[in-house]
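Engineer: Next comes the structure file protein21.tsv, holding TSV, C-alpha atoms.
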chain	number	residue	atom	x	y	z
A	1254	MET	CA	0.00	0.00	0.00
A	1255	THR	CA	1.45	3.33	-1.07
A	1256	PHE	CA	0.65	6.72	0.28
A	1257	ARG	CA	0.24	9.44	-2.30
A	1258	PRO	CA	0.34	13.07	-1.28
A	1259	LEU	CA	-3.12	14.60	-1.38
A	1260	ASP	CA	-3.74	16.51	-4.60
A	1261	PRO	CA	-4.96	19.96	-3.52
A	1262	THR	CA	-7.23	20.29	-6.56
A	1263	VAL	CA	-8.96	17.01	-5.85
A	1264	PHE	CA	-9.26	18.01	-2.22
A	1265	TRP	CA	-10.83	21.34	-3.18
A	1266	ILE	CA	-13.32	19.71	-5.54
A	1267	TYR	CA	-14.34	17.41	-2.73
A	1268	LEU	CA	-14.79	20.31	-0.30
A	1269	ALA	CA	-16.65	22.51	-2.78
A	1270	GLU	CA	-19.24	19.81	-3.24
A	1271	GLN	CA	-20.13	19.77	0.42
A	1272	PRO	CA	-22.78	22.36	1.35
A	1273	LEU	CA	-21.46	21.89	4.87
A	1274	PHE	CA	-18.16	23.48	3.84
A	1275	PHE	CA	-19.85	26.78	2.93
A	1276	LEU	CA	-21.91	26.68	6.09
A	1277	ALA	CA	-18.73	26.23	8.12
A	1278	LEU	CA	-16.95	28.92	6.06
A	1279	THR	CA	-19.74	31.43	6.77
A	1280	LEU	CA	-19.70	30.69	10.51
A	1281	ALA	CA	-15.91	30.84	10.71
A	1282	ALA	CA	-15.77	34.10	8.73
A	1283	TYR	CA	-18.37	35.66	11.04
A	1284	LEU	CA	-16.54	34.48	14.17
A	1285	ILE	CA	-13.33	36.05	12.85
A	1286	GLY	CA	-15.24	39.24	11.96
A	1287	ASP	CA	-16.86	39.36	15.39
A	1288	ARG	CA	-13.51	38.73	17.10
A	1289	ILE	CA	-11.90	41.57	15.13
A	1290	ALA	CA	-14.87	43.87	15.92
A	1291	ALA	CA	-14.64	43.03	19.63
A	1292	SER	CA	-10.87	43.59	19.68
A	1293	THR	CA	-11.37	47.13	18.35
A	1294	GLY	CA	-13.94	47.81	21.09
A	1295	ARG	CA	-16.77	47.54	18.49
A	1296	HIS	CA	-15.33	50.30	16.34
A	1297	PRO	CA	-18.00	51.22	13.75
A	1298	VAL	CA	-15.74	50.55	10.75
A	1299	ALA	CA	-14.88	47.05	12.01
A	1300	ASN	CA	-18.36	45.83	11.13
A	1301	PRO	CA	-18.57	42.04	11.60
A	1302	VAL	CA	-20.95	41.59	8.64
A	1303	LEU	CA	-18.62	43.49	6.32
A	1304	ILE	CA	-15.52	41.59	7.46
A	1305	ALA	CA	-17.30	38.23	7.08
A	1306	ILE	CA	-18.57	39.16	3.59
A	1307	LEU	CA	-15.07	40.14	2.48
A	1308	LEU	CA	-13.55	36.92	3.85
A	1309	VAL	CA	-16.17	34.65	2.28
A	1310	GLY	CA	-16.10	36.70	-0.94
A	1311	ALA	CA	-12.33	36.30	-1.19
A	1312	VAL	CA	-12.59	32.51	-0.84
A	1313	LEU	CA	-15.34	32.36	-3.48
A	1314	LEU	CA	-13.45	34.62	-5.91
A	1315	VAL	CA	-10.14	32.77	-5.55
A	1316	SER	CA	-11.81	29.37	-5.93
A	1317	GLY	CA	-14.18	30.50	-8.69
A	1318	THR	CA	-17.19	29.20	-6.77
A	1319	PRO	CA	-20.54	30.34	-8.18
A	1320	HIS	CA	-22.82	32.15	-5.72
A	1321	ALA	CA	-25.57	29.52	-6.09
A	1322	ARG	CA	-23.17	26.79	-4.93
A	1323	TYR	CA	-22.16	28.86	-1.93
A	1324	PHE	CA	-25.78	29.51	-1.05
A	1325	GLU	CA	-26.60	25.77	-0.94
A	1326	GLY	CA	-24.66	25.70	2.32
A	1327	ALA	CA	-25.21	29.23	3.55
A	1328	ARG	CA	-28.99	29.10	3.25
A	1329	PHE	CA	-29.18	27.21	6.54
A	1330	ILE	CA	-28.09	30.45	8.19
A	1331	HIS	CA	-30.16	32.63	5.84
A	1332	VAL	CA	-33.47	30.94	6.79
A	1333	LEU	CA	-32.99	31.98	10.42
A	1334	LEU	CA	-33.55	35.61	9.39
A	1335	GLY	CA	-37.30	34.92	9.47
A	1336	PRO	CA	-37.61	33.74	13.09
A	1337	ALA	CA	-34.99	36.34	14.12
A	1338	THR	CA	-37.17	39.10	12.68
A	1339	VAL	CA	-40.14	37.78	14.66
A	1340	ALA	CA	-37.91	37.74	17.77
A	1341	LEU	CA	-37.32	41.51	17.37
A	1342	ALA	CA	-40.65	41.81	19.18
A	1343	LEU	CA	-38.66	41.03	22.37
A	1344	PRO	CA	-36.71	44.30	22.70
A	1345	VAL	CA	-39.78	46.23	21.54
A	1346	PHE	CA	-41.91	44.58	24.23
A	1347	ARG	CA	-39.31	45.18	26.94
A	1348	ASN	CA	-39.31	48.90	26.18
A	1349	ARG	CA	-43.10	49.15	25.76
A	1350	ALA	CA	-43.65	51.65	28.58
A	1351	LEU	CA	-41.14	54.09	27.10
A	1352	ILE	CA	-42.38	53.53	23.54
A	1353	ALA	CA	-45.97	54.23	24.57
A	1354	LYS	CA	-44.91	57.50	26.16
A	1355	GLN	CA	-42.95	58.58	23.08
A	1356	TRP	CA	-45.55	57.80	20.45
A	1357	ARG	CA	-45.49	61.38	19.13
A	1358	ALA	CA	-41.74	61.35	18.51
A	1359	ILE	CA	-42.05	57.88	16.96
A	1360	ALA	CA	-44.91	58.80	14.63
A	1361	GLY	CA	-43.33	62.09	13.56
A	1362	ALA	CA	-39.83	60.71	13.00
A	1363	LEU	CA	-41.29	57.71	11.18
A	1364	PHE	CA	-43.25	59.78	8.68
A	1365	ILE	CA	-40.61	62.43	8.04
A	1366	GLY	CA	-37.79	59.86	8.09
A	1367	ALA	CA	-39.54	57.60	5.59
A	1368	VAL	CA	-40.33	60.48	3.23
A	1369	THR	CA	-36.75	61.80	3.53
A	1370	GLY	CA	-35.33	58.34	2.82
A	1371	ILE	CA	-37.20	57.97	-0.45
A	1372	ALA	CA	-37.18	61.62	-1.56
A	1373	SER	CA	-33.44	62.10	-0.92
A	1374	THR	CA	-32.72	58.93	-2.88
A	1375	LEU	CA	-34.88	60.01	-5.81
A	1376	ALA	CA	-33.54	63.57	-5.86
A	1377	LEU	CA	-29.89	62.46	-5.69
A	1378	ALA	CA	-30.48	59.76	-8.32
A	1379	LYS	CA	-31.90	62.34	-10.72
A	1380	LEU	CA	-29.07	64.75	-9.93
A	1381	LEU	CA	-26.49	62.03	-10.63
A	1382	GLY	CA	-28.25	61.09	-13.86
A	1383	LEU	CA	-29.03	57.46	-13.05
A	1384	SER	CA	-31.29	55.47	-15.39
A	1385	SER	CA	-34.96	55.24	-14.48
A	1386	ALA	CA	-34.76	51.44	-14.00
A	1387	THR	CA	-31.95	52.00	-11.49
A	1388	ILE	CA	-33.92	54.74	-9.77
A	1389	ALA	CA	-36.89	52.40	-9.31
A	1390	SER	CA	-34.53	49.72	-7.97
A	1391	VAL	CA	-32.89	51.96	-5.36
A	1392	ALA	CA	-35.96	53.94	-4.20
A	1393	PRO	CA	-36.94	51.48	-1.42
A	1394	LYS	CA	-33.32	50.86	-0.26
A	1395	SER	CA	-33.83	51.77	3.40
A	1396	VAL	CA	-36.18	48.90	4.22
A	1397	THR	CA	-35.63	45.22	4.82
A	1398	ALA	CA	-34.79	43.23	1.66
A	1399	ALA	CA	-38.05	41.29	1.32
A	1400	ILE	CA	-40.17	44.46	1.38
A	1401	ALA	CA	-37.74	46.42	-0.81
A	1402	MET	CA	-37.64	43.75	-3.52
A	1403	GLY	CA	-41.43	43.56	-3.63
A	1404	ILE	CA	-41.73	47.34	-3.96
A	1405	ALA	CA	-39.01	47.53	-6.65
A	1406	GLU	CA	-40.76	44.91	-8.72
A	1407	GLN	CA	-44.04	46.74	-8.40
A	1408	VAL	CA	-42.62	50.07	-9.63
A	1409	GLY	CA	-40.51	48.70	-12.49
A	1410	GLY	CA	-37.16	48.17	-10.81
A	1411	VAL	CA	-34.90	45.11	-10.84
A	1412	PRO	CA	-35.35	43.14	-7.56
A	1413	GLN	CA	-31.85	41.56	-7.74
A	1414	ILE	CA	-30.24	45.00	-7.90
A	1415	THR	CA	-32.47	46.13	-5.03
A	1416	ALA	CA	-31.31	43.20	-2.86
A	1417	VAL	CA	-27.67	44.19	-3.32
A	1418	ILE	CA	-28.39	47.89	-2.75
A	1419	VAL	CA	-30.37	47.11	0.42
A	1420	ILE	CA	-27.46	45.15	1.92
A	1421	ALA	CA	-24.98	47.88	0.98
A	1422	THR	CA	-27.26	50.51	2.58
A	1423	GLY	CA	-27.53	48.45	5.77
A	1424	ILE	CA	-23.76	48.06	6.10
A	1425	LEU	CA	-23.13	51.75	5.34
A	1426	GLY	CA	-25.79	52.76	7.87
A	1427	ALA	CA	-24.38	50.46	10.56
A	1428	ILE	CA	-20.91	51.93	10.04
A	1429	MET	CA	-22.16	55.51	9.85
A	1430	VAL	CA	-24.57	55.70	12.79
A	1431	THR	CA	-22.15	56.04	15.72
A	1432	PRO	CA	-19.85	58.76	14.27
A	1433	LEU	CA	-22.78	60.65	12.71
A	1434	MET	CA	-24.85	60.70	15.92
A	1435	ASN	CA	-21.78	61.76	17.91
A	1436	LEU	CA	-21.22	64.58	15.43
A	1437	LEU	CA	-24.85	65.71	15.83
A	1438	ARG	CA	-24.50	65.37	19.63
A	1439	ILE	CA	-27.55	63.12	19.81
A	1440	LYS	CA	-26.99	61.09	22.95
A	1441	ASP	CA	-30.46	59.60	23.47
A	1442	TYR	CA	-30.31	55.90	22.57
A	1443	ALA	CA	-33.98	56.03	21.54
A	1444	ALA	CA	-33.29	58.66	18.84
A	1445	ARG	CA	-30.06	56.95	17.72
A	1446	GLY	CA	-31.70	53.54	17.47
A	1447	PHE	CA	-34.83	54.79	15.74
A	1448	ALA	CA	-32.73	56.68	13.15
A	1449	VAL	CA	-30.66	53.62	12.27
A	1450	GLY	CA	-33.74	51.38	12.10
A	1451	ILE	CA	-35.46	53.82	9.71
A	1452	SER	CA	-32.44	54.31	7.45
A	1453	ALA	CA	-30.58	50.99	7.62
A	1454	HIS	CA	-33.15	48.24	8.47
A	1455	GLY	CA	-31.97	44.91	9.95
A	1456	ILE	CA	-28.21	45.37	9.60
A	1457	GLY	CA	-28.50	48.74	11.33
A	1458	THR	CA	-30.70	47.09	13.98
A	1459	ALA	CA	-28.07	44.38	14.53
A	1460	ARG	CA	-25.49	47.11	15.16
A	1461	ALA	CA	-27.85	48.94	17.54
A	1462	LEU	CA	-28.52	45.73	19.52
A	1463	GLN	CA	-24.78	45.23	19.91
A	1464	VAL	CA	-24.34	48.73	21.32
A	1465	ASN	CA	-27.37	49.09	23.60
A	1466	GLU	CA	-30.63	47.21	24.26
A	1467	LYS	CA	-32.79	50.35	24.24
A	1468	ALA	CA	-31.25	51.47	20.94
A	1469	GLY	CA	-31.93	47.97	19.60
A	1470	ALA	CA	-35.61	48.15	20.61
A	1471	TYR	CA	-36.12	51.49	18.85
A	1472	ALA	CA	-34.20	50.29	15.80
A	1473	ALA	CA	-36.41	47.18	15.56
A	1474	LEU	CA	-39.51	49.34	15.90
A	1475	GLY	CA	-38.26	51.81	13.29
A	1476	MET	CA	-37.40	49.03	10.87
A	1477	ALA	CA	-40.81	47.36	11.15
A	1478	LEU	CA	-42.79	50.61	10.90
A	1479	ASN	CA	-40.70	51.92	8.02
A	1480	GLY	CA	-41.41	48.73	6.10
A	1481	LEU	CA	-45.10	49.63	6.09
A	1482	MET	CA	-44.55	53.32	5.46
A	1483	THR	CA	-42.15	52.82	2.54
A	1484	ALA	CA	-44.45	50.32	0.85
A	1485	ILE	CA	-47.13	53.02	0.80
A	1486	LEU	CA	-44.85	55.96	-0.05
A	1487	VAL	CA	-42.55	54.66	-2.82
A	1488	PRO	CA	-45.20	54.28	-5.54
A	1489	LEU	CA	-46.64	57.67	-4.59
A	1490	LEU	CA	-43.32	59.55	-4.56
A	1491	LEU	CA	-42.01	57.84	-7.71
A	1492	TRP	CA	-45.14	59.00	-9.50
A	1493	LEU	CA	-44.54	62.56	-8.28
A	1494	PHE	CA	-40.84	62.57	-9.22
A	1495	LEU	CA	-40.73	60.83	-12.59
B	680	MET	CA	-34.88	26.68	23.45
B	681	LEU	CA	-36.59	24.30	21.02
B	682	GLU	CA	-40.02	25.33	22.24
B	683	GLY	CA	-39.24	29.00	21.66
B	684	ILE	CA	-37.78	28.42	18.18
B	685	THR	CA	-40.88	26.44	17.25
B	686	ILE	CA	-43.16	29.30	18.32
B	687	LEU	CA	-41.04	31.87	16.43
B	688	ILE	CA	-41.10	29.80	13.24
B	689	PHE	CA	-44.82	29.19	13.68
B	690	LEU	CA	-45.46	32.94	14.02
B	691	GLN	CA	-43.40	33.61	10.89
B	692	PHE	CA	-45.43	30.97	9.06
B	693	LEU	CA	-48.67	32.54	10.31
B	694	GLY	CA	-47.35	35.89	9.09
B	695	GLU	CA	-46.61	34.44	5.64
B	696	ILE	CA	-50.16	33.07	5.45
B	697	ILE	CA	-51.68	36.41	6.46
B	698	ALA	CA	-49.47	38.20	3.89
B	699	GLY	CA	-50.51	35.72	1.21
B	700	VAL	CA	-54.22	35.86	1.95
B	701	THR	CA	-54.59	39.61	2.50
B	702	ARG	CA	-51.96	40.51	-0.17
B	703	VAL	CA	-50.55	43.27	2.04
B	704	PRO	CA	-47.04	44.18	0.81
B	705	ILE	CA	-45.43	43.23	4.15
B	706	PRO	CA	-43.22	40.17	4.54
B	707	GLY	CA	-44.42	37.33	6.78
B	708	PRO	CA	-41.66	37.74	9.41
B	709	VAL	CA	-42.57	41.42	9.95
B	710	ILE	CA	-46.23	40.45	10.42
B	711	GLY	CA	-45.00	37.75	12.82
B	712	LEU	CA	-43.12	40.44	14.76
B	713	GLY	CA	-46.36	42.40	15.06
B	714	LEU	CA	-48.32	39.29	16.11
B	715	LEU	CA	-45.80	38.42	18.82
B	716	ALA	CA	-45.66	41.99	20.14
B	717	GLY	CA	-49.47	42.21	20.12
B	718	PHE	CA	-49.85	38.84	21.81
B	719	ALA	CA	-47.36	39.72	24.54
B	720	LEU	CA	-49.01	43.12	25.09
B	721	LEU	CA	-52.43	41.48	25.51
B	722	ARG	CA	-51.01	38.96	27.96
B	723	GLY	CA	-48.87	41.57	29.67
B	724	LYS	CA	-45.98	39.11	29.62
B	725	MET	CA	-43.59	37.54	27.09
B	726	PRO	CA	-43.59	33.71	27.34
B	727	GLU	CA	-40.30	32.50	28.82
B	728	PRO	CA	-39.40	29.97	26.05
B	729	ILE	CA	-39.62	32.76	23.46
B	730	VAL	CA	-37.38	34.98	25.57
B	731	ILE	CA	-34.75	32.23	25.81
B	732	ALA	CA	-34.81	31.35	22.11
B	733	GLY	CA	-35.25	34.92	20.85
B	734	ASP	CA	-32.43	36.39	22.87
B	735	SER	CA	-30.01	33.70	21.70
B	736	ILE	CA	-30.87	34.31	18.03
B	737	LEU	CA	-30.72	38.10	18.38
B	738	LYS	CA	-27.31	37.97	20.03
B	739	HIS	CA	-25.88	37.10	16.62
B	740	LEU	CA	-28.38	38.83	14.34
B	741	SER	CA	-25.44	40.17	12.28
B	742	LEU	CA	-24.39	36.63	11.32
B	743	LEU	CA	-27.72	36.04	9.58
B	744	PHE	CA	-27.02	38.81	7.04
B	745	VAL	CA	-23.73	37.32	5.84
B	746	PRO	CA	-25.15	34.86	3.22
B	747	ALA	CA	-27.27	37.59	1.59
B	748	GLY	CA	-24.40	40.03	1.93
B	749	VAL	CA	-22.04	37.80	-0.02
B	750	GLY	CA	-24.36	38.59	-2.94
B	751	LEU	CA	-22.78	42.07	-2.87
B	752	ILE	CA	-19.59	40.52	-4.19
B	753	ALA	CA	-21.29	38.02	-6.47
B	754	PHE	CA	-23.62	40.51	-8.15
B	755	GLY	CA	-21.70	43.72	-7.50
B	756	ASP	CA	-20.26	43.76	-11.04
B	757	LYS	CA	-23.77	44.23	-12.44
B	758	LEU	CA	-23.80	47.64	-10.77
B	759	MET	CA	-20.35	48.68	-11.92
B	760	ALA	CA	-21.59	50.79	-14.85
B	761	GLU	CA	-23.18	53.19	-12.39
B	762	GLY	CA	-21.03	52.05	-9.45
B	763	THR	CA	-19.37	55.24	-8.23
B	764	ARG	CA	-22.52	57.30	-8.57
B	765	LEU	CA	-24.51	54.62	-6.73
B	766	ILE	CA	-22.07	54.62	-3.82
B	767	ILE	CA	-22.23	58.41	-3.56
B	768	LEU	CA	-26.02	58.17	-3.65
B	769	LEU	CA	-26.16	55.50	-0.91
B	770	ILE	CA	-23.77	57.27	1.45
B	771	ALA	CA	-25.39	60.69	1.01
B	772	SER	CA	-29.03	59.64	1.24
B	773	THR	CA	-28.43	57.26	4.17
B	774	ALA	CA	-26.65	60.04	6.08
B	775	ILE	CA	-29.41	62.54	5.27
B	776	THR	CA	-32.18	60.13	6.29
B	777	MET	CA	-30.46	59.17	9.54
B	778	THR	CA	-29.79	62.80	10.45
B	779	VAL	CA	-33.32	64.02	9.71
B	780	THR	CA	-34.94	61.09	11.56
B	781	ALA	CA	-32.79	61.57	14.67
B	782	LEU	CA	-33.31	65.34	14.72
B	783	VAL	CA	-37.09	65.06	14.33
B	784	PHE	CA	-37.19	62.39	17.03
B	785	ARG	CA	-35.21	64.57	19.42
B	786	PHE	CA	-37.27	67.65	18.61
B	787	LEU	CA	-40.58	65.90	19.32
B	788	THR	CA	-39.23	64.21	22.46
B	789	ARG	CA	-38.22	67.54	23.94
B	790	LYS	CA	-41.59	69.06	23.22
B	791	ASP	CA	-43.24	66.12	24.97
B	792	ASP	CA	-41.02	66.62	27.99
B	793	ALA	CA	-41.90	70.31	28.08
B	794	GLU	CA	-45.60	69.47	27.97
B	795	GLU	CA	-45.23	67.03	30.83
B	796	ALA	CA	-43.62	69.63	33.04
B	797	PRO	CA	-46.21	71.56	35.10
How would this structure read if it were set down as structure tokens?
Structural biologist:
Amino acid sequence: MTFRPLDPTVFWIYLAEQPLFFLALTLAAYLIGDRIAASTGRHPVANPVLIAILLVGAVLLVSGTPHARYFEGARFIHVLLGPATVALALPVFRNRALIAKQWRAIAGALFIGAVTGIASTLALAKLLGLSSATIASVAPKSVTAAIAMGIAEQVGGVPQITAVIVIATGILGAIMVTPLMNLLRIKDYAARGFAVGISAHGIGTARALQVNEKAGAYAALGMALNGLMTAILVPLLLWLFL
Amino acid sequence: MLEGITILIFLQFLGEIIAGVTRVPIPGPVIGLGLLAGFALLRGKMPEPIVIAGDSILKHLSLLFVPAGVGLIAFGDKLMAEGTRLIILLIASTAITMTVTALVFRFLTRKDDAEEAP
């Protein structure tokens, strides 16, 4: 019996056929991202989602793995987004007394924030000379992907582009929120959380939850309410703008 | 843990059914969030199994966005034609939205406080 050295190509082909490999890769990349984020004292730029995406992306690019193959493994994590969204009722419920008292601030910031989110996107898109299909795809970018893709489809956008734009918006918002709120001297975690939930949906909410439970509750509330508001407003504002 | 996860998935499923039947443009999980919050408010208490399961999932909410986020790299080249302009657009409008929302929230909170004072 002879031992042959393991051919790395054969080994890779074997690995790449296991959905489990991409599941493990995703978990490992996130753990590394989270470790890096923690070591910087949760510095906003060291966003664990961004680091994990870059690590996984690098492996996929170098190995030439198609996204569909990756997703066969990664979808086991992806499906948990549903029950996790339902679970966002927990921080909202815990802060119910405060939320009930602040309903005026919540209603006002929701309406003006939702309108600003869509109108600023449309105005800037026109200013930058983007195509009308792109404009329809980016208009609902501040809300959670499932809602945004549905809206984009309805108003003549491309849902796949919307999905990518939504994720990019969430990551940018999660990175931006801490320095921006410090700059504006807004110290109230309710205002900070609500603002990130309105502008950067679930990824912003994940960041808020990591910083402070109250901020997380307001972010979850903002995200859920803005989903409804944006679904109503996008068709209306697109019609006014275009 | 298992009990809580089962309830969360059931509520999401119920949300999907409601979304499908009523054709409201809201995803099932968001309706599920509303159902759970409403249910807990009526009862005045959040069931313990849901607290245990929910808190453990939410602790790593960020992880759940990684698979979708990898699509940024996979499909990013489709956006390259308008890439730079899109990035400017995203950064600017996200910053504007966040700023306006926070300022309005603070403004209305202060007014409330002033009204509460005798």
Engineer: Please identify all polymer residues within 9 Å of region 752-755 of chain B, counting all atoms listed in the file, omitting same-chain residues fewer than 6 positions from it, and present them as a list in words.
Structural biologist: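 Final neighbour list, sorted by chain and number: Ile1306, Leu1307, Gly1310, Ala1311, Leu1313, Leu1314, Pro1319, His1320, Gln1413, Ile1414 and Val1417 of chain A; Gly762 of chain B.
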Engineer: Rounded to one decimal place, report the CA of Gly750 (chain B)-CA of Ile736 (chain B) distance in Å.
Structural biologist: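 CA of Ile736 (chain B) lies 22.4 Å from CA of Gly750 (chain B).
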Engineer: Go through A:Ala1360, A:Leu1351, A:Leu1334, A:Leu1278 one by one, measure the shortest atom-to-atom distance of each to Gly733 (chain B) using all atoms listed in the file, and give the residue with the smallest value.
Structural biologist: A:Leu1334
Engineer: Only residues of chain B matter here; which ones have an atom within 7 Å of chain A, counting all atoms listed in the file? Give them as a PyMOL selection string.
Structural biologist: chain B and resi 687-688+691+704-706+708-709+711-712+715-716+730+733+736-737+740-746+748-753+764+768-770+772-773+776-777+779-781+783-785+787-788
Engineer: Taking into account all atoms listed in the file, which residue in the set A:Glu1270, A:Ala1392, A:Pro1297, A:Ala1277 is nearest to Ile1428 (chain A)?
Structural biologist: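 Result for the nearest residue to Ile1428 (chain A): A:Pro1297.
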Engineer: Separation of CA of Ala1290 (chain A) and CA of Ala747 (chain B), in Å?
Structural biologist: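 Distance reported for this atom pair: 20.0 Å.
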Engineer: If you measure from CA of Asp756 (chain B) to CA of Gly1317 (chain A), what distance in Å do you get, rounded to one decimal?
Structural biologist: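 Going from CA of Asp756 (chain B) over to CA of Gly1317 (chain A), I get 14.8 Å.
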Engineer: Just need the box for region 1447-1464 of chain A, edges along x, y and z, holding every atom the file lists for it with 3 Å tacked onto each side, so centre and edge lengths in Å to one decimal, as lines of an AutoDock Vina configuration file.
Structural biologist:
center_x = -29.9
center_y = 50.5
center_z = 14.4
size_x = 17.1
size_y = 18.3
size_z = 19.9
